[in-house]
Amino acid sequence: MQAMELQKRDYHVERPLLNQEQLEELGRWSLPPKTYKWRTWFQCSRARAYALLLQHLPILGWLPRYPVRDWLLGDLLSGLSVAIMQLPQGLAYALLAGLPPVFGLYSSFYPVFIYFLFGTSRHISVGTFAVMSVMVGSVTESLAPDEDFRQDSNSTVDEEAKNAARVQLASTLSVLVGLFQVGLGLVHFGFVVTYLSEPLVRSYTTAASVQVFVSQLKYVFGIQLSSRSGPLSLIYIVLDVCWKLPQSVVGTVITAIVAGVVLVMVKLLNDKLQRYLPLPIPGELLTLIGATGISYGVNLKNRFGVEVVGNIPAGLIPPVAPNPQLFAKLVGNAFAIAVVGFAIAISLGKIFALRHGYRVDSNQELVALGLSNLIGGIFQCFPVSCSMSRSLVQESTGGNTQVAGAVSSLFILLIILKLGELFQDLPKAVLAATIIVNLKGMMRQFSDICTLWKANRVDLLIWLVTFVATILLNLDLGLAVAVVFSLLLVVVRTQLPHYSILGQVPDTDIYRDVAEYSEAKEVPGVKVFRSSVTTYFANAELYSDALKRKCGVDVDRLISQKKKLLKKQEMKLKRLQKTQKPPKKAASSKGTSVSINVYSNPEDQSNDVEASRARVSTVEELEDTATSGQKDANAPNVLTLRSLGLPQPDFHSLILDLGTLSFVDTVCIKNLKNIFRDFREIEVEVYIAACHSPVIAQLEAGHFFDDSITKQHLFASVHDAVTFALQHSGSASITPVLATKL
């Protein structure tokens with residue numbers, strides 16, 4: 001073992017320098033063959049048909065292999081626990097959506113069963129969700145406000161007509177949401193959720209929870225508020241609540257407070273006895289049953305003016321076709337709800353999949369959720385997603401598959417058919433208290449502000465902008481502003497990269513920022529420049545400016561001065577051509593010899609004014625010689641910065657480390673060409689290092705390479721480029737052959 005360690009320590013890899021041409025020849029590089037995936041879409045075979053069937057109907061894959069003995073009992077107990085939570089939440093969230101409570105039960109049955117057939121996540125609980133419900137409520141209240149249904153004779157609202165209009169709006173919205181989700185899933189557009197970052201989603205749900213809380217205040221205080229929607233509607237609702245607080249119904253307030261206290265105590269008890277209880281205490285269900293019994297026995301509605309749920313029809317209702325005339329009004333809200341619902345579902349689904357070691361197909365999840373909303377909308381449901389609290393209960397109580405979801409949906413079906421009418425005397429204040437208490441988890445997300453302040457303040461900025469925009473502009477506009485702002489922030493961050501000059505770490509071929517590594521030293525005569533982000537049209541000019549600034553040379557001014565001197569000499573040449581006599585032109589050979597003697601050894605000349613005058617006179621003699629017909633003596637082409645009296649850069653080679661480039665566009669290619677041209681004007685040769693093969697292919701496609709810029713200017717690593725630059729400049733500051741100790 002000791003001998004092996006010594007061999008490893010003394011092992012060296014030595015290789016010659018490789019530019020891109022040599023590397024491609026050595027590695028036999030070629031473009032990978034193009035694959036046209038669309039061709040496979042039209043291939044038909046029995047195996048492909050079966051694979052497509054399993055892909056779009058996953059239940060056929062896992063249900064035949066379902067281990068009944070191991071998983072059935074856990075799924076039954078889990079389904080029963082979820083159904084116990086689903087019942088009060090369905091009633092409450094329907095109220096949040098501005099609909100009669102029974103439609104919350106419908107939305108807890110149809111979509112759950114559809115997801116059981118098409119979903120790929122084994123643990124999420126699909127159904128009503130507070131954020132989705134408040135988004136639906138904002139749509140129904142804006143398009144069907146109470147003012148549209150007030151009777152002429154008095155100020156009372158025609159509840160039956162209002163509920164019918166809102167149910168039609170919500171069901172049509174659900175169909176449209178489902179169409180969006182199914183369509184996006186079929187074209188494999190599941191990646192759209194990646195544009196919703198975690199801080200954005202958490203901030204959005206936090207702001208939505210504030211919206212939910214404010215929307216329930218009218219049920220807690222028993223006051224009537226006018227419907228509001230659009231920007232600043234939340235502020236107006238809070239002001240209305242404060243203005244009408246003296247009109248609060250005391251019985252309603254007491255009912256809400258008592259129900260809230262009971263729910264909080266039961267939740268605290270569940271948290272404390274979690275280890276000892278096989279199932280959590282169903283505090284919500286017990287509270288609903290107790291509140292319904294007390295309301296019926298005491299007659300809270302008539303004696304204390306407490307508003308109750310009212311008639312809950314038994315049985316299912318027939319399917320109803322959506323109203324296509326409403327599509328134009330709902331399309332914007334439908335897309336926002338579709339994206340938010342999918343983002344919440346897939347984020348929870350991936351968390352549980354990672355925890356339990358299986359894979360969730362984001363595109364199939366989009367299809368499954370879309371079919372749940374599409375078919376549910378036909379049966380008068382409103383848009384649904386998955387609930388975090390129910391999903392955690394489904395997992396913690398032993399749920400292993402969506403059989404638990406099927407069990408919970410069947411239990412809800414039993415309630416719809418036989419037991420729903422028993423909750424007619426349930427106070428709405430109890431449902432409001434249930435909603436508010438269940439917001440505890442989302443309200444805890446306010447702690448993200450402190451966490452992000454310490455971890456990443458850019459993410460904190462996204463969080464704050466999303467929250468403020470959602471609170472002030474409502475849920476649909478707030479989401480749009482949040483997404484646009486986060487994408488703009490990405491663009492802005494690419495315009496503020498870290499530019500650095502790299503130096504060599506001693507005795508290695510590693511190059512690091514000289515400002516960060518004190519031992520990293522610049523190679524004499526060579527500048528290595530690196531940007532931390534890819535270069536494209538938005539930051540190409542910034543890249544060029546930072547390069548010239550970091551190199552310590554005012555390239556543009558130097559080129560301008562050079563052009564002025566050359567132009568001045570050209571003007572003198574023209575004046576000489578006019579004043580020169582023909583006999584004088586005969587002394588061409590002598591003038592030529594003088595010019596050669598002067599320009600052959602420019603190092604012997606001093607930089608004082610007299611030497612500059614001598615050079616000018618020599619140039620005049622050379623230009624005089626050119627007028628004699630010897631056009632091959634092109635004097636300005638051999639002029640150097642030193643011969644013109646201009647300062648020379650303290651480096652002879654510039655290396656652009658393009659290892660961070662992931663793509664190039666036409667602006668980037670043009671910018672790179674300009675860099676080559678400008679630095680060659682000031683007698684600095686430019687090389688490119690660490691460029692990836694896809695980027696090189698894009699450079700070729702963009703006609704970057706020509707006679708002046710070839711693949712011999714590209715190197716596999718910075719060390720190769722530095723070594724090549726030193727070899728061709730006559731310097732010996734670095735070993736010409738690479739030697740890397742491993």
# chains A, B, ... in the order shown; residues from 1 in each chain; ligands from 1

call {"tool": "select_by_dssp", "arguments": {"residues": "range 45-119 of chain A", "states": "helix (DSSP H, G or I)", "output": "VMD selection string"}}
result
chain A and resid 46 to 56 59 to 62 68 to 96 102 to 106 110 to 118

call {"tool": "residues_around", "arguments": {"residues": "range 477-491 of chain A", "least_positions_apart": "2", "cutoff": "8 Å", "atoms": "only C-alpha atoms", "output": "list in words"}}
result
Tyr195, Leu196, Leu200, Tyr204, Ala336, Ile462, Val465, Thr466, Phe467, Ala469, Thr470, Ile471, Leu472, Leu473, Asn474, Leu475, Arg493, Thr494, Gln495 and Ala538 of chain A

call {"tool": "write_last_selection", "arguments": {"atoms": "N, CA, C and O atoms", "output": "JSON list (two decimals), in the first residue's frame"}}
result
[["chain", "number", "residue", "atom", "x", "y", "z"],
["A", 195, "TYR", "N", -40.31, 28.16, -13.83],
["A", 195, "TYR", "CA", -40.20, 29.61, -13.78],
["A", 195, "TYR", "C", -40.82, 30.18, -12.51],
["A", 195, "TYR", "O", -40.75, 31.38, -12.29],
["A", 196, "LEU", "N", -41.44, 29.32, -11.73],
["A", 196, "LEU", "CA", -41.95, 29.74, -10.43],
["A", 196, "LEU", "C", -40.98, 29.25, -9.37],
["A", 196, "LEU", "O", -41.01, 28.09, -8.97],
["A", 200, "LEU", "N", -40.84, 32.54, -4.74],
["A", 200, "LEU", "CA", -42.03, 33.12, -5.36],
["A", 200, "LEU", "C", -43.29, 32.36, -4.94],
["A", 200, "LEU", "O", -44.30, 32.98, -4.57],
["A", 204, "TYR", "N", -46.20, 33.82, -2.67],
["A", 204, "TYR", "CA", -47.54, 33.93, -3.27],
["A", 204, "TYR", "C", -48.58, 33.24, -2.39],
["A", 204, "TYR", "O", -49.68, 33.78, -2.17],
["A", 336, "ALA", "N", -53.82, 31.55, -14.99],
["A", 336, "ALA", "CA", -53.12, 31.79, -13.72],
["A", 336, "ALA", "C", -53.45, 30.69, -12.71],
["A", 336, "ALA", "O", -52.55, 30.16, -12.03],
["A", 462, "ILE", "N", -37.38, 39.00, -4.28],
["A", 462, "ILE", "CA", -38.45, 38.33, -5.01],
["A", 462, "ILE", "C", -39.63, 38.04, -4.09],
["A", 462, "ILE", "O", -40.79, 38.24, -4.45],
["A", 465, "VAL", "N", -41.45, 41.43, -3.26],
["A", 465, "VAL", "CA", -42.17, 41.98, -4.41],
["A", 465, "VAL", "C", -43.40, 41.13, -4.72],
["A", 465, "VAL", "O", -44.49, 41.66, -5.01],
["A", 466, "THR", "N", -43.26, 39.82, -4.67],
["A", 466, "THR", "CA", -44.40, 38.93, -4.91],
["A", 466, "THR", "C", -45.50, 39.16, -3.88],
["A", 466, "THR", "O", -46.68, 39.25, -4.23],
["A", 467, "PHE", "N", -45.12, 39.28, -2.63],
["A", 467, "PHE", "CA", -46.11, 39.47, -1.57],
["A", 467, "PHE", "C", -46.84, 40.80, -1.73],
["A", 467, "PHE", "O", -48.08, 40.85, -1.69],
["A", 469, "ALA", "N", -47.10, 42.73, -4.41],
["A", 469, "ALA", "CA", -47.87, 42.77, -5.65],
["A", 469, "ALA", "C", -49.16, 41.98, -5.51],
["A", 469, "ALA", "O", -50.23, 42.40, -6.00],
["A", 470, "THR", "N", -49.10, 40.82, -4.86],
["A", 470, "THR", "CA", -50.29, 39.99, -4.69],
["A", 470, "THR", "C", -51.29, 40.65, -3.75],
["A", 470, "THR", "O", -52.51, 40.57, -3.97],
["A", 471, "ILE", "N", -50.80, 41.30, -2.71],
["A", 471, "ILE", "CA", -51.71, 41.97, -1.77],
["A", 471, "ILE", "C", -52.38, 43.17, -2.43],
["A", 471, "ILE", "O", -53.59, 43.38, -2.29],
["A", 472, "LEU", "N", -51.62, 43.95, -3.17],
["A", 472, "LEU", "CA", -52.15, 45.19, -3.72],
["A", 472, "LEU", "C", -52.90, 45.00, -5.04],
["A", 472, "LEU", "O", -53.89, 45.69, -5.29],
["A", 473, "LEU", "N", -52.44, 44.07, -5.87],
["A", 473, "LEU", "CA", -52.99, 43.95, -7.23],
["A", 473, "LEU", "C", -53.92, 42.77, -7.40],
["A", 473, "LEU", "O", -54.38, 42.52, -8.52],
["A", 474, "ASN", "N", -54.17, 42.02, -6.36],
["A", 474, "ASN", "CA", -54.99, 40.82, -6.39],
["A", 474, "ASN", "C", -54.18, 39.64, -6.92],
["A", 474, "ASN", "O", -53.05, 39.78, -7.39],
["A", 475, "LEU", "N", -54.78, 38.44, -6.89],
["A", 475, "LEU", "CA", -54.02, 37.22, -7.11],
["A", 475, "LEU", "C", -53.55, 37.04, -8.55],
["A", 475, "LEU", "O", -52.44, 36.59, -8.79],
["A", 493, "ARG", "N", -29.22, 40.21, -13.25],
["A", 493, "ARG", "CA", -28.07, 39.56, -12.61],
["A", 493, "ARG", "C", -27.03, 39.13, -13.64],
["A", 493, "ARG", "O", -25.84, 39.08, -13.34],
["A", 494, "THR", "N", -27.47, 38.81, -14.87],
["A", 494, "THR", "CA", -26.50, 38.50, -15.92],
["A", 494, "THR", "C", -25.79, 39.76, -16.40],
["A", 494, "THR", "O", -24.73, 39.67, -17.03],
["A", 495, "GLN", "N", -26.38, 40.92, -16.13],
["A", 495, "GLN", "CA", -25.73, 42.17, -16.50],
["A", 495, "GLN", "C", -24.82, 42.71, -15.40],
["A", 495, "GLN", "O", -24.17, 43.73, -15.58],
["A", 538, "ALA", "N", -27.66, 41.01, -24.09],
["A", 538, "ALA", "CA", -27.96, 41.95, -23.00],
["A", 538, "ALA", "C", -26.72, 42.43, -22.27],
["A", 538, "ALA", "O", -26.75, 43.50, -21.65]]

call {"tool": "closest_residue", "arguments": {"among": "A:Pro199, A:Leu656, A:Ile375, A:Ala47", "to": "Ile449 in chain A", "atoms": "only C-alpha atoms"}}
result
A:Pro199

call {"tool": "closest_residue", "arguments": {"among": "A:Val403, A:Val718, A:Leu77, A:Val139", "to": "Leu17 in chain A", "atoms": "only C-alpha atoms"}}
result
A:Val718

call {"tool": "residues_around", "arguments": {"residues": "range 263-268 of chain A", "least_positions_apart": "2", "cutoff": "8 Å", "atoms": "only C-alpha atoms", "output": "PDB file with C-alpha atoms, in the first residue's frame"}}
result
ATOM      1  CA  ALA A 259     -64.847  27.201  17.428  1.00  0.00           C
ATOM      2  CA  GLY A 260     -61.405  28.663  16.781  1.00  0.00           C
ATOM      3  CA  VAL A 261     -60.221  28.039  20.341  1.00  0.00           C
ATOM      4  CA  ASN A 270     -52.452  16.295  18.316  1.00  0.00           C
ATOM      5  CA  ASP A 271     -48.940  17.727  18.108  1.00  0.00           C
ATOM      6  CA  LYS A 272     -48.199  16.734  21.693  1.00  0.00           C
ATOM      7  CA  ILE A 281     -57.923  13.434  16.668  1.00  0.00           C
ATOM      8  CA  GLY A 283     -60.852  18.077  15.620  1.00  0.00           C
ATOM      9  CA  GLU A 284     -62.455  19.706  12.596  1.00  0.00           C
ATOM     10  CA  THR A 287     -66.145  20.701  15.944  1.00  0.00           C
ATOM     11  CA  THR A 434     -61.895  26.299  10.402  1.00  0.00           C
ATOM     12  CA  VAL A 437     -57.041  28.004  11.849  1.00  0.00           C
TER      13      VAL A 437
END

call {"tool": "residues_around", "arguments": {"residues": "Thr666 in chain A", "least_positions_apart": "2", "cutoff": "8 Å", "atoms": "only C-alpha atoms", "output": "list of chain:residue names"}}
result
A:Phe537, A:Val664, A:Cys668, A:Ile669, A:Lys670, A:Gly702

call {"tool": "write_last_selection", "arguments": {"atoms": "N, CA, C and O atoms", "output": "compact mmCIF listing (two decimals), in the first residue's frame"}}
result
# COMPACT_ATOMS: atom_id res chain seq x y z
N PHE A 537 -26.68 39.12 -25.93
CA PHE A 537 -26.98 40.48 -26.39
C PHE A 537 -27.17 41.47 -25.25
O PHE A 537 -26.88 42.66 -25.40
N VAL A 664 -24.08 31.13 -27.58
CA VAL A 664 -23.68 32.42 -28.15
C VAL A 664 -24.75 32.86 -29.14
O VAL A 664 -25.39 32.02 -29.79
N CYS A 668 -23.06 38.37 -29.51
CA CYS A 668 -21.86 37.88 -28.83
C CYS A 668 -20.74 37.60 -29.85
O CYS A 668 -19.58 37.96 -29.61
N ILE A 669 -21.09 36.99 -30.97
CA ILE A 669 -20.09 36.70 -32.00
C ILE A 669 -19.49 37.99 -32.54
O ILE A 669 -18.26 38.12 -32.69
N LYS A 670 -20.35 38.95 -32.82
CA LYS A 670 -19.85 40.24 -33.32
C LYS A 670 -18.96 40.93 -32.28
O LYS A 670 -17.93 41.52 -32.62
N GLY A 702 -22.18 30.64 -36.85
CA GLY A 702 -22.29 32.09 -36.95
C GLY A 702 -21.17 32.74 -37.72
O GLY A 702 -21.03 33.96 -37.69

call {"tool": "residues_around", "arguments": {"residues": "Met135 in chain A", "least_positions_apart": "5", "cutoff": "10 Å", "atoms": "only C-alpha atoms", "output": "number ranges by chain"}}
result
A: 96-97, 130, 140, 208, 211-212, 333-334, 336-337, 340, 383, 474-476

call {"tool": "residues_around", "arguments": {"residues": "Met132 in chain A", "least_positions_apart": "4", "cutoff": "10 Å", "atoms": "only C-alpha atoms", "output": "compact mmCIF listing (two decimals) with N, CA and C atoms, in the first residue's frame"}}
result
# COMPACT_ATOMS: atom_id res chain seq x y z
N TYR A 93 -64.19 25.63 2.15
CA TYR A 93 -63.54 26.23 0.98
C TYR A 93 -64.53 26.56 -0.12
N LEU A 96 -65.44 29.86 0.72
CA LEU A 96 -64.36 30.75 0.34
C LEU A 96 -64.43 31.10 -1.15
N ALA A 97 -64.89 30.15 -1.95
CA ALA A 97 -65.02 30.39 -3.39
C ALA A 97 -66.30 31.14 -3.75
N GLY A 127 -57.90 17.84 -4.06
CA GLY A 127 -59.22 18.30 -3.64
C GLY A 127 -59.21 19.80 -3.44
N THR A 128 -60.11 20.27 -2.62
CA THR A 128 -60.22 21.71 -2.37
C THR A 128 -58.98 22.21 -1.65
N VAL A 136 -60.66 31.45 -7.06
CA VAL A 136 -61.97 31.27 -7.67
C VAL A 136 -62.95 32.30 -7.11
N GLY A 137 -62.87 32.54 -5.80
CA GLY A 137 -63.77 33.51 -5.19
C GLY A 137 -63.59 34.91 -5.74
N THR A 205 -48.26 32.05 -1.89
CA THR A 205 -49.23 31.35 -1.02
C THR A 205 -49.40 32.09 0.31
N ALA A 208 -51.68 34.87 -0.51
CA ALA A 208 -53.02 34.31 -0.70
C ALA A 208 -53.67 33.97 0.63
N ILE A 337 -54.72 30.31 -12.61
CA ILE A 337 -55.12 29.26 -11.68
C ILE A 337 -54.51 27.92 -12.09
N ALA A 338 -54.44 27.66 -13.40
CA ALA A 338 -53.86 26.40 -13.88
C ALA A 338 -52.39 26.30 -13.49
N VAL A 340 -50.75 28.02 -11.05
CA VAL A 340 -50.57 27.99 -9.60
C VAL A 340 -50.96 26.62 -9.04
N GLY A 341 -52.08 26.09 -9.51
CA GLY A 341 -52.52 24.78 -9.02
C GLY A 341 -51.50 23.69 -9.33
N ILE A 344 -48.26 24.07 -7.09
CA ILE A 344 -48.44 23.57 -5.73
C ILE A 344 -48.44 22.04 -5.72
N PHE A 382 -65.56 23.29 -8.73
CA PHE A 382 -64.67 24.43 -8.99
C PHE A 382 -63.22 23.92 -9.01
N PRO A 383 -62.27 24.70 -9.53
CA PRO A 383 -60.88 24.21 -9.69
C PRO A 383 -60.26 23.78 -8.36
N VAL A 384 -59.50 22.68 -8.44
CA VAL A 384 -58.87 22.11 -7.25
C VAL A 384 -57.38 21.92 -7.49
N SER A 385 -56.69 21.67 -6.40
CA SER A 385 -55.27 21.31 -6.45
C SER A 385 -55.06 20.33 -5.31
N CYS A 386 -53.87 20.28 -4.74
CA CYS A 386 -53.66 19.39 -3.61
C CYS A 386 -53.46 20.22 -2.35
N SER A 387 -53.83 19.65 -1.21
CA SER A 387 -53.73 20.33 0.07
C SER A 387 -52.51 19.82 0.83

call {"tool": "closest_residue", "arguments": {"among": "A:Val177, A:Val214, A:Val393, A:Val367", "to": "Leu439 in chain A", "atoms": "only C-alpha atoms"}}
result
A:Val214

call {"tool": "closest_residue", "arguments": {"among": "A:Tyr110, A:Tyr219, A:Phe342, A:Tyr50", "to": "Gln181 in chain A", "atoms": "only C-alpha atoms"}}
result
A:Phe342

call {"tool": "residues_around", "arguments": {"residues": "Glu160 in chain A", "least_positions_apart": "4", "cutoff": "12 Å", "atoms": "only C-alpha atoms", "output": "PDB file with N, CA and C atoms, in the first residue's frame"}}
result
ATOM      1  N   LEU A  99     -69.430  30.029  -3.167  1.00  0.00           N
ATOM      2  CA  LEU A  99     -70.410  29.058  -3.655  1.00  0.00           C
ATOM      3  C   LEU A  99     -71.123  28.400  -2.477  1.00  0.00           C
ATOM      4  N   PRO A 100     -72.276  27.792  -2.713  1.00  0.00           N
ATOM      5  CA  PRO A 100     -72.935  27.017  -1.658  1.00  0.00           C
ATOM      6  C   PRO A 100     -72.032  25.873  -1.188  1.00  0.00           C
ATOM      7  N   ASP A 146     -72.751  40.961  -5.717  1.00  0.00           N
ATOM      8  CA  ASP A 146     -74.061  40.992  -5.062  1.00  0.00           C
ATOM      9  C   ASP A 146     -74.965  42.069  -5.650  1.00  0.00           C
ATOM     10  N   PHE A 149     -77.668  41.302  -8.205  1.00  0.00           N
ATOM     11  CA  PHE A 149     -78.796  40.430  -7.864  1.00  0.00           C
ATOM     12  C   PHE A 149     -79.677  41.027  -6.767  1.00  0.00           C
ATOM     13  N   ARG A 150     -79.538  42.313  -6.541  1.00  0.00           N
ATOM     14  CA  ARG A 150     -80.415  42.964  -5.568  1.00  0.00           C
ATOM     15  C   ARG A 150     -81.794  43.173  -6.176  1.00  0.00           C
ATOM     16  N   GLN A 151     -82.816  42.850  -5.405  1.00  0.00           N
ATOM     17  CA  GLN A 151     -84.190  43.012  -5.879  1.00  0.00           C
ATOM     18  C   GLN A 151     -84.582  44.482  -5.854  1.00  0.00           C
ATOM     19  N   THR A 156     -82.460  43.383  -0.371  1.00  0.00           N
ATOM     20  CA  THR A 156     -82.027  41.992  -0.205  1.00  0.00           C
ATOM     21  C   THR A 156     -81.520  41.428  -1.525  1.00  0.00           C
ATOM     22  N   ALA A 164     -76.658  30.461  -8.623  1.00  0.00           N
ATOM     23  CA  ALA A 164     -76.683  29.801  -9.930  1.00  0.00           C
ATOM     24  C   ALA A 164     -75.665  30.424 -10.885  1.00  0.00           C
ATOM     25  N   ALA A 165     -75.578  31.754 -10.871  1.00  0.00           N
ATOM     26  CA  ALA A 165     -74.622  32.436 -11.748  1.00  0.00           C
ATOM     27  C   ALA A 165     -73.185  32.130 -11.340  1.00  0.00           C
ATOM     28  N   ARG A 166     -72.924  32.125 -10.059  1.00  0.00           N
ATOM     29  CA  ARG A 166     -71.560  31.867  -9.595  1.00  0.00           C
ATOM     30  C   ARG A 166     -71.152  30.415  -9.814  1.00  0.00           C
ATOM     31  N   VAL A 167     -72.084  29.495  -9.651  1.00  0.00           N
ATOM     32  CA  VAL A 167     -71.772  28.084  -9.913  1.00  0.00           C
ATOM     33  C   VAL A 167     -71.428  27.884 -11.383  1.00  0.00           C
ATOM     34  N   GLY A 310     -77.515  26.370   5.584  1.00  0.00           N
ATOM     35  CA  GLY A 310     -78.779  26.278   4.846  1.00  0.00           C
ATOM     36  C   GLY A 310     -78.941  24.944   4.138  1.00  0.00           C
ATOM     37  N   ASN A 311     -79.775  24.936   3.149  1.00  0.00           N
ATOM     38  CA  ASN A 311     -80.154  23.694   2.479  1.00  0.00           C
ATOM     39  C   ASN A 311     -78.960  23.041   1.776  1.00  0.00           C
TER      40      ASN A 311
END

call {"tool": "select_by_dssp", "arguments": {"residues": "range 489-550 of chain A", "states": "strand (DSSP E)", "output": "NGL selection string"}}
result
:A and (499-504 or 511-513 or 526-531)

call {"tool": "write_last_selection", "arguments": {"atoms": "C-alpha atoms", "output": "CSV table (one decimal), in the first residue's frame"}}
result
chain,number,residue,atom,x,y,z
A,499,TYR,CA,-15.3,40.0,-14.1
A,500,SER,CA,-11.8,38.9,-13.1
A,501,ILE,CA,-8.2,38.8,-14.2
A,502,LEU,CA,-6.8,35.3,-13.6
A,503,GLY,CA,-3.4,34.5,-12.3
A,504,GLN,CA,-1.6,31.2,-12.0
A,511,TYR,CA,-5.8,29.9,-12.7
A,512,ARG,CA,-7.9,31.9,-10.2
A,513,ASP,CA,-8.9,35.5,-9.6
A,526,VAL,CA,-0.3,37.7,-20.6
A,527,LYS,CA,-3.8,38.8,-19.5
A,528,VAL,CA,-6.4,36.1,-18.7
A,529,PHE,CA,-9.9,37.5,-18.5
A,530,ARG,CA,-13.0,35.7,-17.3
A,531,SER,CA,-16.7,36.5,-16.8

call {"tool": "closest_residue", "arguments": {"among": "A:Gln247, A:Ser729, A:Gln712, A:Ser391", "to": "Gly349 in chain A", "atoms": "only C-alpha atoms"}}
result
A:Ser391

call {"tool": "closest_residue", "arguments": {"among": "A:Val126, A:Leu565, A:Leu18, A:Cys691", "to": "Ala406 in chain A", "atoms": "only C-alpha atoms"}}
result
A:Val126

call {"tool": "atom_distance", "arguments": {"atom1": "CA of Tyr106 in chain A", "atom2": "CA of Leu87 in chain A"}}
result
10.4 Å
